[in-house]
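Shown next: my_file_29.cif, given as mmCIF, C-alpha atoms and all ligand atoms.
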```cif
data_query
#
loop_
_atom_site.label_atom_id
_atom_site.label_comp_id
_atom_site.auth_asym_id
_atom_site.auth_seq_id
_atom_site.Cartn_x
_atom_site.Cartn_y
_atom_site.Cartn_z
CA MET N 1 -8.99 16.40 -2.16
CA LYS N 2 -9.78 19.46 -0.08
CA ILE N 3 -11.02 18.97 3.48
CA GLU N 4 -13.54 21.66 4.42
CA GLY N 5 -13.90 20.71 8.04
CA ILE N 6 -14.08 18.00 10.64
CA GLU N 7 -16.94 17.18 12.97
CA LEU N 8 -16.26 15.55 16.34
CA ARG N 9 -19.35 13.77 17.63
CA ARG N 10 -19.82 11.91 20.90
CA ILE N 11 -22.39 9.15 21.14
CA ALA N 12 -23.46 7.09 24.15
CA MET N 13 -24.35 3.46 23.42
CA PRO N 14 -25.58 1.11 26.17
CA LEU N 15 -24.14 -2.42 25.99
CA VAL N 16 -26.55 -5.37 25.95
CA ALA N 17 -24.66 -6.84 28.94
CA PRO N 18 -21.72 -5.72 31.08
CA PHE N 19 -18.37 -6.76 29.53
CA ARG N 20 -15.76 -7.66 32.16
CA THR N 21 -12.06 -7.99 31.44
CA SER N 22 -8.99 -8.11 33.69
CA PHE N 23 -8.83 -4.30 33.60
CA GLY N 24 -12.45 -3.39 34.28
CA THR N 25 -16.15 -3.74 33.53
CA GLU N 26 -17.86 -1.79 30.79
CA THR N 27 -21.61 -1.21 30.78
CA ALA N 28 -21.84 1.43 28.04
CA ARG N 29 -19.68 2.71 25.22
CA ASP N 30 -18.85 6.42 25.06
CA VAL N 31 -17.71 6.74 21.45
CA LEU N 32 -15.96 9.60 19.67
CA LEU N 33 -16.86 9.71 15.97
CA VAL N 34 -14.98 11.78 13.41
CA ARG N 35 -16.64 13.03 10.22
CA ALA N 36 -14.51 14.50 7.44
CA VAL N 37 -16.34 16.79 5.03
CA THR N 38 -14.99 17.41 1.53
CA PRO N 39 -16.68 18.99 -1.51
CA ASP N 40 -17.32 15.55 -3.06
CA ALA N 41 -17.97 13.23 -0.14
CA GLU N 42 -18.09 12.80 3.61
CA GLY N 43 -16.18 10.14 5.52
CA TRP N 44 -16.50 8.54 8.94
CA GLY N 45 -13.97 7.31 11.45
CA GLU N 46 -14.57 5.81 14.89
CA CYS N 47 -12.11 6.42 17.71
CA VAL N 48 -11.74 3.22 19.74
CA ALA N 49 -10.37 4.93 22.85
CA MET N 50 -12.49 4.07 25.89
CA ASP N 51 -13.77 6.60 28.39
CA LEU N 52 -11.05 5.56 30.90
CA PRO N 53 -7.34 4.97 30.13
CA LEU N 54 -7.37 1.32 31.29
CA TYR N 55 -6.76 -0.66 28.08
CA SER N 56 -4.18 1.89 26.85
CA PRO N 57 -3.11 5.43 27.84
CA GLU N 58 -5.67 6.94 25.45
CA TYR N 59 -9.20 7.89 26.49
CA ALA N 60 -12.08 9.50 24.62
CA ASP N 61 -11.86 13.02 26.15
CA GLY N 62 -8.10 13.01 25.63
CA ALA N 63 -8.51 11.91 22.02
CA ALA N 64 -11.02 14.71 21.38
CA ASP N 65 -8.61 17.20 22.95
CA VAL N 66 -5.56 16.18 20.93
CA LEU N 67 -7.67 16.12 17.75
CA ARG N 68 -9.05 19.64 18.18
CA ARG N 69 -5.86 21.15 19.57
CA PHE N 70 -3.15 19.57 17.38
CA LEU N 71 -4.15 16.91 14.85
CA ILE N 72 -7.00 18.58 12.97
CA PRO N 73 -5.13 21.93 12.65
CA ALA N 74 -2.17 19.99 11.17
CA LEU N 75 -4.22 18.44 8.36
CA PRO N 76 -3.12 19.27 4.82
CA LYS N 77 -5.34 22.04 3.41
CA ASN N 78 -5.27 20.65 -0.14
CA ASP N 79 -4.31 17.39 -1.82
CA ALA N 80 -5.39 15.50 1.28
CA ASP N 81 -5.55 11.72 1.19
CA ALA N 82 -4.91 9.05 3.81
CA TYR N 83 -1.14 9.00 3.23
CA ALA N 84 -0.87 12.79 3.34
CA VAL N 85 -2.81 12.75 6.62
CA GLU N 86 -0.51 10.09 8.03
CA ARG N 87 2.57 12.17 7.15
CA ALA N 88 1.04 15.34 8.58
CA LEU N 89 0.25 13.65 11.93
CA GLU N 90 3.52 11.74 12.19
CA PRO N 91 5.44 14.44 14.17
CA PHE N 92 2.96 14.12 17.05
CA LYS N 93 3.97 11.32 19.42
CA GLY N 94 1.53 8.57 20.31
CA HIS N 95 -2.24 9.23 20.25
CA ARG N 96 -2.64 6.46 17.71
CA MET N 97 -6.36 5.94 18.34
CA ALA N 98 -7.06 9.62 17.72
CA LYS N 99 -4.87 9.59 14.60
CA ALA N 100 -6.55 6.42 13.32
CA ALA N 101 -10.03 7.92 13.62
CA LEU N 102 -9.02 11.06 11.73
CA GLN N 103 -7.09 9.17 9.04
CA THR N 104 -10.00 6.74 8.56
CA ALA N 105 -12.54 9.56 8.17
CA VAL N 106 -10.39 11.11 5.44
CA LEU N 107 -9.75 7.73 3.80
CA ASP N 108 -13.49 6.98 3.83
CA ALA N 109 -14.25 10.33 2.16
CA GLN N 110 -11.46 9.71 -0.39
CA LEU N 111 -12.77 6.25 -1.28
CA ARG N 112 -16.42 7.36 -1.41
CA ALA N 113 -15.43 10.12 -3.83
CA ALA N 114 -13.59 7.52 -5.94
CA GLY N 115 -16.38 4.92 -5.65
CA GLN N 116 -13.97 2.33 -4.24
CA PRO N 117 -14.69 -0.05 -1.32
CA LEU N 118 -12.15 -0.03 1.54
CA ALA N 119 -11.70 -3.81 1.28
CA ARG N 120 -10.61 -3.56 -2.35
CA TYR N 121 -8.36 -0.55 -1.60
CA LEU N 122 -6.56 -2.58 1.08
CA GLY N 123 -6.20 -5.65 -1.15
CA ALA N 124 -8.82 -7.96 0.32
CA ASP N 125 -9.59 -11.17 -1.52
CA ARG N 126 -12.72 -12.39 0.28
CA ASP N 127 -16.33 -11.23 0.43
CA ARG N 128 -17.10 -12.70 3.86
CA VAL N 129 -15.06 -13.31 7.00
CA PRO N 130 -15.41 -15.94 9.74
CA CYS N 131 -16.31 -14.52 13.14
CA GLY N 132 -15.23 -15.32 16.64
CA VAL N 133 -16.60 -13.85 19.83
CA SER N 134 -14.94 -12.53 22.96
CA VAL N 135 -16.54 -13.76 26.17
CA GLY N 136 -16.05 -11.66 29.30
CA ILE N 137 -15.17 -12.82 32.80
CA MET N 138 -18.27 -14.16 34.55
CA ASP N 139 -19.29 -14.65 38.17
CA SER N 140 -19.40 -18.45 37.85
CA VAL N 141 -18.42 -21.30 35.53
CA PRO N 142 -22.07 -22.39 34.90
CA GLU N 143 -22.86 -18.82 33.82
CA LEU N 144 -19.87 -18.92 31.46
CA LEU N 145 -20.91 -22.26 29.96
CA ASP N 146 -24.40 -20.87 29.29
CA ALA N 147 -22.93 -17.82 27.57
CA VAL N 148 -20.57 -19.90 25.39
CA HIS N 149 -23.43 -22.26 24.51
CA GLY N 150 -25.51 -19.28 23.39
CA TYR N 151 -22.73 -17.90 21.17
CA LEU N 152 -22.08 -21.30 19.58
CA ASP N 153 -25.83 -21.58 18.91
CA GLU N 154 -25.63 -18.24 17.10
CA GLY N 155 -22.92 -19.69 14.87
CA TYR N 156 -19.68 -18.14 16.11
CA VAL N 157 -16.79 -20.24 14.82
CA ARG N 158 -14.28 -19.43 17.57
CA ILE N 159 -14.53 -18.65 21.28
CA LYS N 160 -12.17 -16.34 23.16
CA LEU N 161 -12.30 -16.31 26.94
CA LYS N 162 -11.11 -13.30 28.91
CA ILE N 163 -8.93 -14.53 31.77
CA GLU N 164 -7.24 -13.10 34.85
CA PRO N 165 -5.49 -14.62 37.89
CA GLY N 166 -8.18 -16.70 39.63
CA TRP N 167 -10.24 -17.08 36.42
CA ASP N 168 -8.06 -19.07 34.04
CA VAL N 169 -7.41 -22.83 34.25
CA GLU N 170 -10.81 -23.82 35.68
CA PRO N 171 -13.04 -21.94 33.21
CA VAL N 172 -10.86 -23.04 30.27
CA ARG N 173 -11.02 -26.66 31.43
CA ALA N 174 -14.80 -26.43 31.85
CA VAL N 175 -15.35 -24.97 28.37
CA ARG N 176 -13.02 -27.53 26.76
CA GLU N 177 -14.71 -30.45 28.54
CA ARG N 178 -18.24 -29.26 27.81
CA PHE N 179 -17.80 -28.30 24.14
CA GLY N 180 -15.13 -30.76 23.04
CA ASP N 181 -11.72 -30.83 21.39
CA ASP N 182 -12.89 -29.45 18.03
CA LEU N 183 -13.93 -26.07 19.45
CA LEU N 184 -11.55 -23.30 18.32
CA LEU N 185 -10.67 -21.80 21.70
CA GLN N 186 -8.27 -19.06 22.81
CA VAL N 187 -7.76 -16.83 25.85
CA ASP N 188 -6.95 -13.15 26.44
CA ALA N 189 -5.35 -11.93 29.68
CA ASN N 190 -5.15 -8.21 28.81
CA ALA N 191 -1.74 -8.00 30.52
CA ALA N 192 -2.94 -9.39 33.86
CA TYR N 193 0.03 -11.70 34.62
CA THR N 194 3.76 -11.48 35.28
CA LEU N 195 6.52 -13.89 34.39
CA VAL N 196 6.35 -15.50 37.83
CA ASP N 197 2.94 -16.84 36.73
CA ALA N 198 4.60 -18.90 33.97
CA PRO N 199 3.99 -22.28 35.71
CA ARG N 200 0.28 -21.48 36.07
CA LEU N 201 0.00 -20.30 32.47
CA ALA N 202 1.79 -23.49 31.35
CA ARG N 203 -1.15 -25.46 32.79
CA LEU N 204 -3.22 -24.00 29.93
CA ASP N 205 -1.05 -26.01 27.50
CA ALA N 206 -3.19 -29.05 28.32
CA PHE N 207 -6.24 -27.53 26.61
CA ASP N 208 -4.89 -27.14 23.06
CA LEU N 209 -5.62 -23.42 22.80
CA LEU N 210 -5.12 -21.55 19.51
CA LEU N 211 -3.20 -18.90 21.43
CA ILE N 212 -2.85 -16.95 24.65
CA GLU N 213 -3.22 -13.22 24.04
CA GLN N 214 -1.20 -10.56 25.86
CA PRO N 215 -0.44 -12.47 29.08
CA LEU N 216 2.12 -9.91 30.36
CA ALA N 217 2.34 -6.11 30.51
CA ASP N 218 2.37 -4.19 27.25
CA ASP N 219 6.01 -3.09 27.67
CA ASP N 220 7.27 -6.55 28.69
CA MET N 221 8.43 -7.62 25.22
CA VAL N 222 11.56 -9.43 26.49
CA GLN N 223 9.60 -11.24 29.19
CA HIS N 224 7.02 -12.34 26.59
CA ALA N 225 9.91 -13.91 24.66
CA GLU N 226 11.01 -15.71 27.82
CA LEU N 227 7.45 -16.85 28.51
CA ALA N 228 7.15 -18.13 24.94
CA ARG N 229 10.05 -20.49 25.63
CA ARG N 230 8.21 -21.91 28.65
CA LEU N 231 4.77 -22.43 27.04
CA ARG N 232 3.62 -24.71 24.27
CA THR N 233 0.59 -22.47 23.64
CA PRO N 234 1.46 -19.80 21.03
CA ILE N 235 1.70 -16.25 22.38
CA CYS N 236 -0.26 -13.55 20.56
CA LEU N 237 0.40 -9.88 21.28
CA ASP N 238 -2.27 -7.18 21.32
CA GLU N 239 -1.54 -4.19 23.61
CA SER N 240 2.25 -4.49 23.01
CA ILE N 241 2.04 -3.93 19.25
CA GLU N 242 1.62 -0.25 18.33
CA SER N 243 3.34 -0.20 14.93
CA ALA N 244 4.84 -2.33 12.18
CA ALA N 245 8.27 -1.62 13.70
CA GLY N 246 7.04 -2.96 17.05
CA ALA N 247 5.63 -6.04 15.33
CA ALA N 248 8.97 -6.61 13.58
CA ALA N 249 10.79 -6.37 16.92
CA ALA N 250 8.36 -8.80 18.59
CA LEU N 251 8.80 -11.37 15.83
CA THR N 252 12.59 -10.92 15.80
CA ILE N 253 13.02 -11.68 19.51
CA GLY N 254 10.32 -14.37 19.59
CA ALA N 255 7.93 -12.44 21.84
CA ALA N 256 4.96 -13.44 19.69
CA SER N 257 4.14 -15.98 17.01
CA ILE N 258 0.68 -14.51 16.24
CA ILE N 259 -0.45 -10.88 16.18
CA ASN N 260 -3.82 -9.33 16.89
CA ILE N 261 -4.17 -6.32 14.59
CA LYS N 262 -6.37 -3.47 15.79
CA PRO N 263 -6.22 -0.48 13.44
CA GLY N 264 -7.03 1.96 16.25
CA ARG N 265 -4.15 0.72 18.40
CA VAL N 266 -1.60 1.07 15.58
CA GLY N 267 -2.65 4.46 14.16
CA GLY N 268 -4.91 3.46 11.30
CA TYR N 269 -5.58 1.12 8.39
CA LEU N 270 -2.39 2.00 6.51
CA GLU N 271 -0.21 0.85 9.42
CA ALA N 272 -2.52 -2.13 10.05
CA LYS N 273 -1.95 -3.20 6.44
CA ARG N 274 1.83 -2.87 6.91
CA ILE N 275 1.69 -5.19 9.93
CA HIS N 276 -0.41 -7.64 7.91
CA ASP N 277 2.14 -7.55 5.08
CA LEU N 278 5.08 -7.98 7.46
CA CYS N 279 3.48 -10.94 9.20
CA ARG N 280 2.43 -12.56 5.94
CA ALA N 281 5.97 -12.32 4.62
CA HIS N 282 7.16 -14.05 7.80
CA GLY N 283 4.48 -16.73 7.71
CA VAL N 284 2.94 -15.36 10.91
CA ALA N 285 -0.84 -15.54 11.32
CA VAL N 286 -2.81 -12.41 12.18
CA TRP N 287 -6.41 -11.76 13.15
CA CYS N 288 -8.51 -8.67 13.69
CA GLY N 289 -9.35 -7.72 17.26
CA GLY N 290 -12.26 -5.62 18.41
CA MET N 291 -12.79 -2.62 20.68
CA LEU N 292 -16.59 -2.83 21.06
CA GLU N 293 -16.99 -0.81 17.86
CA THR N 294 -20.26 0.49 16.52
CA GLY N 295 -21.14 -0.43 12.94
CA ILE N 296 -18.88 2.38 11.68
CA GLY N 297 -15.69 0.93 13.15
CA ARG N 298 -16.90 -2.63 12.63
CA ALA N 299 -17.43 -2.12 8.88
CA ALA N 300 -13.84 -0.98 8.39
CA ASN N 301 -12.46 -3.82 10.53
CA ILE N 302 -14.34 -6.38 8.45
CA ALA N 303 -12.76 -4.93 5.30
CA LEU N 304 -9.32 -5.35 6.88
CA ALA N 305 -10.12 -8.87 8.10
CA ALA N 306 -10.82 -9.88 4.49
CA LEU N 307 -7.10 -9.58 3.62
CA PRO N 308 -5.41 -12.89 2.80
CA GLY N 309 -3.09 -12.95 5.85
CA PHE N 310 -6.00 -12.90 8.33
CA THR N 311 -6.02 -16.67 8.67
CA LEU N 312 -7.57 -16.83 12.15
CA PRO N 313 -11.17 -15.78 12.94
CA GLY N 314 -11.37 -12.28 14.43
CA ASP N 315 -13.41 -10.65 17.17
CA THR N 316 -15.48 -8.96 14.46
CA SER N 317 -18.76 -10.08 15.98
CA ALA N 318 -22.31 -9.23 14.96
CA SER N 319 -23.67 -5.85 16.10
CA HIS N 320 -26.09 -7.31 18.63
CA ARG N 321 -23.24 -9.04 20.50
CA TYR N 322 -22.72 -5.58 22.02
CA PHE N 323 -25.62 -3.29 21.08
CA ALA N 324 -29.40 -3.73 21.02
CA GLU N 325 -29.44 -1.03 18.36
CA ASP N 326 -26.43 0.02 16.28
CA VAL N 327 -25.84 3.42 14.65
CA THR N 328 -25.63 1.68 11.27
CA PRO N 329 -27.80 -1.09 9.83
CA PRO N 330 -26.77 -4.06 12.00
CA PHE N 331 -24.12 -6.59 11.00
CA GLU N 332 -25.70 -10.02 11.26
CA LEU N 333 -24.06 -13.44 11.30
CA ASP N 334 -24.67 -15.76 8.39
CA ASP N 335 -23.39 -19.25 9.15
CA GLY N 336 -20.71 -17.82 11.44
CA HIS N 337 -19.60 -15.22 8.91
CA LEU N 338 -20.12 -11.51 8.24
CA ASP N 339 -20.36 -10.11 4.73
CA VAL N 340 -17.63 -7.65 3.80
CA PRO N 341 -19.27 -4.30 2.93
CA ASP N 342 -18.99 -3.74 -0.83
CA GLY N 343 -20.15 -0.11 -1.05
CA PRO N 344 -17.69 2.77 -1.52
CA GLY N 345 -15.45 3.60 1.46
CA ILE N 346 -16.32 1.73 4.64
CA GLY N 347 -19.56 0.77 2.90
CA VAL N 348 -22.01 1.74 5.64
CA GLU N 349 -23.53 4.98 6.86
CA PRO N 350 -25.11 5.97 10.14
CA VAL N 351 -28.90 5.83 10.31
CA GLN N 352 -29.57 9.52 10.90
CA ASP N 353 -32.37 9.33 13.49
CA ARG N 354 -30.45 6.73 15.52
CA LEU N 355 -27.27 8.76 15.31
CA ARG N 356 -29.17 11.80 16.58
CA ALA N 357 -30.71 9.80 19.42
CA PHE N 358 -27.32 8.50 20.62
CA THR N 359 -25.49 11.84 20.24
CA THR N 360 -24.43 13.63 23.41
CA ALA N 361 -22.27 16.39 21.85
CA THR N 362 -21.05 17.69 18.50
CA GLU N 363 -18.30 20.10 17.56
CA TRP N 364 -17.46 21.49 14.12
CA ILE N 365 -13.93 22.54 13.24
CA THR N 366 -13.47 24.46 9.97
CA LEU N 367 -10.13 23.95 8.26
MG MG R 1 -6.86 -8.38 23.53
#
```

Turn the structure described in the file into structure tokens.
Amino acid sequence: MKIEGIELRRIAMPLVAPFRTSFGTETARDVLLVRAVTPDAEGWGECVAMDLPLYSPEYADGAADVLRRFLIPALPKNDADAYAVERALEPFKGHRMAKAALQTAVLDAQLRAAGQPLARYLGADRDRVPCGVSVGIMDSVPELLDAVHGYLDEGYVRIKLKIEPGWDVEPVRAVRERFGDDLLLQVDANAAYTLVDAPRLARLDAFDLLLIEQPLADDDMVQHAELARRLRTPICLDESIESAAGAAAALTIGAASIINIKPGRVGGYLEAKRIHDLCRAHGVAVWCGGMLETGIGRAANIALAALPGFTLPGDTSASHRYFAEDVTPPFELDDGHLDVPDGPGIGVEPVQDRLRAFTTATEWITL
């Protein structure tokens, strides 16, 4: 496959409500989209880097810069496919979210040209996936209970509460008491604690959580292993896992017993699949996280979440959880599930007039 050029496109998408985590509050999504143009097909990739480097070191302007300056010029001129792109980008350190967006755009074009859905390419065995929802930090417990009630009414099968010091045991207790022992419930600290908080985190053991996600800093792998020995609640890593090698290390030292796979964080769907395969071989459950994706990124994540090792519900929520209007036809919940797109590639395309309306900048780079 020959790549003729790459378009970088920035879109601004207002969120339906502010989303607060331990690292900040988001009110809008500034998204970098990548479009790969080949003679036979076009492909789309969504860069999940946020506008500020708070979740990880990457940020949207930085991703656009490294793409135009280094990654796009390094693309293979001919015989390009997702693996060739991965090899060509490998010498450049880090920048996994930028690499993932570019690799996904090429993979999407490759699969559209071949008429093959991404889910089938990856080895998925399901046509729908169960959906959880991530609930941000609120100003009060009653406000939180109302929000959780609303999501359960919509059909979400699992609730994840964002926590931070000062917003942990009490909100979890309130949700467990109000909605009962059968509710699938987990928490995500986004690296907000240190090991000295272990006694407080151990108080969460009383609430029978599915997991606690990324309690400590992303580079605190050894301390996560120590924390795991002090908690009954399983530890799941998110920010700490940037590759299959990192996942192997985490499992080896007991730093995690569950892994949240985000393709953007690990450099793309090929590496995400490797982490899935590694975990499945070890009998370790995985699930698919979210980065407030538009329908473009969401479609690809749903394909990944349909793989057999994704045994826990993901954060692959419906479009209107985040956006009043999506750039693609909206993903809608059906009995707590989303259908896996079955069209070629990622299986969805932007609605052109909406895409135009959200666009703040475009840039074309000829190869
Ligand atoms: Mg997380």

Environment of ligand MG 1 (chain R) within 8 Å, counting only C-alpha atoms and all ligand atoms, reported as a short mmCIF file (atom, residue, chain, number, x, y, z; two decimals) with C-alpha atoms, in the frame of the given file:
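Result written to pocket-v5.cif:
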```
data_model
loop_
_atom_site.label_atom_id
_atom_site.label_comp_id
_atom_site.auth_asym_id
_atom_site.auth_seq_id
_atom_site.Cartn_x
_atom_site.Cartn_y
_atom_site.Cartn_z
CA ASP N 188 -6.95 -13.15 26.44
CA ALA N 189 -5.35 -11.93 29.68
CA ASN N 190 -5.15 -8.21 28.81
CA GLU N 213 -3.22 -13.22 24.04
CA GLN N 214 -1.20 -10.56 25.86
CA LEU N 237 0.40 -9.88 21.28
CA ASP N 238 -2.27 -7.18 21.32
CA GLU N 239 -1.54 -4.19 23.61
CA ASN N 260 -3.82 -9.33 16.89
CA GLY N 289 -9.35 -7.72 17.26
CA GLY N 290 -12.26 -5.62 18.41
#
```

Who sits within 8 Å of Ala306 (chain N), all atoms listed in the file, same chain under 3 positions skipped, as an MDAnalysis selection string: chainID N and resid 119 124:129 302:303 310 340

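Closest to Leu292 (chain N) among N:Lys160, N:His320, N:Lys273, N:Arg112 is N:His320, based on only C-alpha atoms.
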
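Between CA of Glu332 (chain N) and CA of Val141 (chain N) there is a distance of 27.7 Å.
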
Selection as JSON, numbers by chain: residues within 7 Å of (-18.2, 10.1, 18.7), counting all atoms listed in the file: {"N": [8, 9, 10, 11, 31, 32, 33, 34, 46]}

d(CA of Cys47 (chain N), CA of Ala101 (chain N)) in Å: 4.8 Å

Polymer residues at most 10 Å from (-25.6, 4.0, 9.7) by only C-alpha atoms, as a PyMOL selection string: chain N and resi 294-296+326-330+347-355

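You can rank N:Leu209, N:Ile137, N:Ala247, N:Ala114 by their closest distance to Glu26 (chain N) using all atoms listed in the file, and at the top of that list sits N:Ile137.
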
Counting all atoms listed in the file, the option among N:Leu312, N:Leu251, N:Leu54, N:Ile241 closest to Arg265 (chain N): N:Ile241

Gap from CA of Pro142 (chain N) to CA of Val157 (chain N) - Å, one decimal: 20.9 Å

List the neighbours of His337 (chain N) out to 10 Å using all atoms listed in the file; skip same-chain residues closer than 6 positions along the sequence, and give me the result as a compact mmCIF listing (two decimals) with C-alpha atoms, keeping the file's coordinate frame.
```txt
# COMPACT_ATOMS: atom_id res chain seq x y z
CA ASP N 127 -16.33 -11.23 0.43
CA ARG N 128 -17.10 -12.70 3.86
CA VAL N 129 -15.06 -13.31 7.00
CA PRO N 130 -15.41 -15.94 9.74
CA CYS N 131 -16.31 -14.52 13.14
CA GLY N 132 -15.23 -15.32 16.64
CA GLY N 155 -22.92 -19.69 14.87
CA TYR N 156 -19.68 -18.14 16.11
CA VAL N 157 -16.79 -20.24 14.82
CA PRO N 313 -11.17 -15.78 12.94
CA THR N 316 -15.48 -8.96 14.46
CA SER N 317 -18.76 -10.08 15.98
CA ALA N 318 -22.31 -9.23 14.96
CA PHE N 331 -24.12 -6.59 11.00
```

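The closest residue to Arg230 (chain N), picked from N:Pro14, N:Pro344, N:Pro199, N:Pro308 and counting only C-alpha atoms, is N:Pro199.
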
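Nearest-residue note for Arg203 (chain N): choosing from N:Glu170, N:Asp342, N:Ala217, N:Asp315, the minimum distance belongs to N:Glu170, counting all atoms listed in the file.
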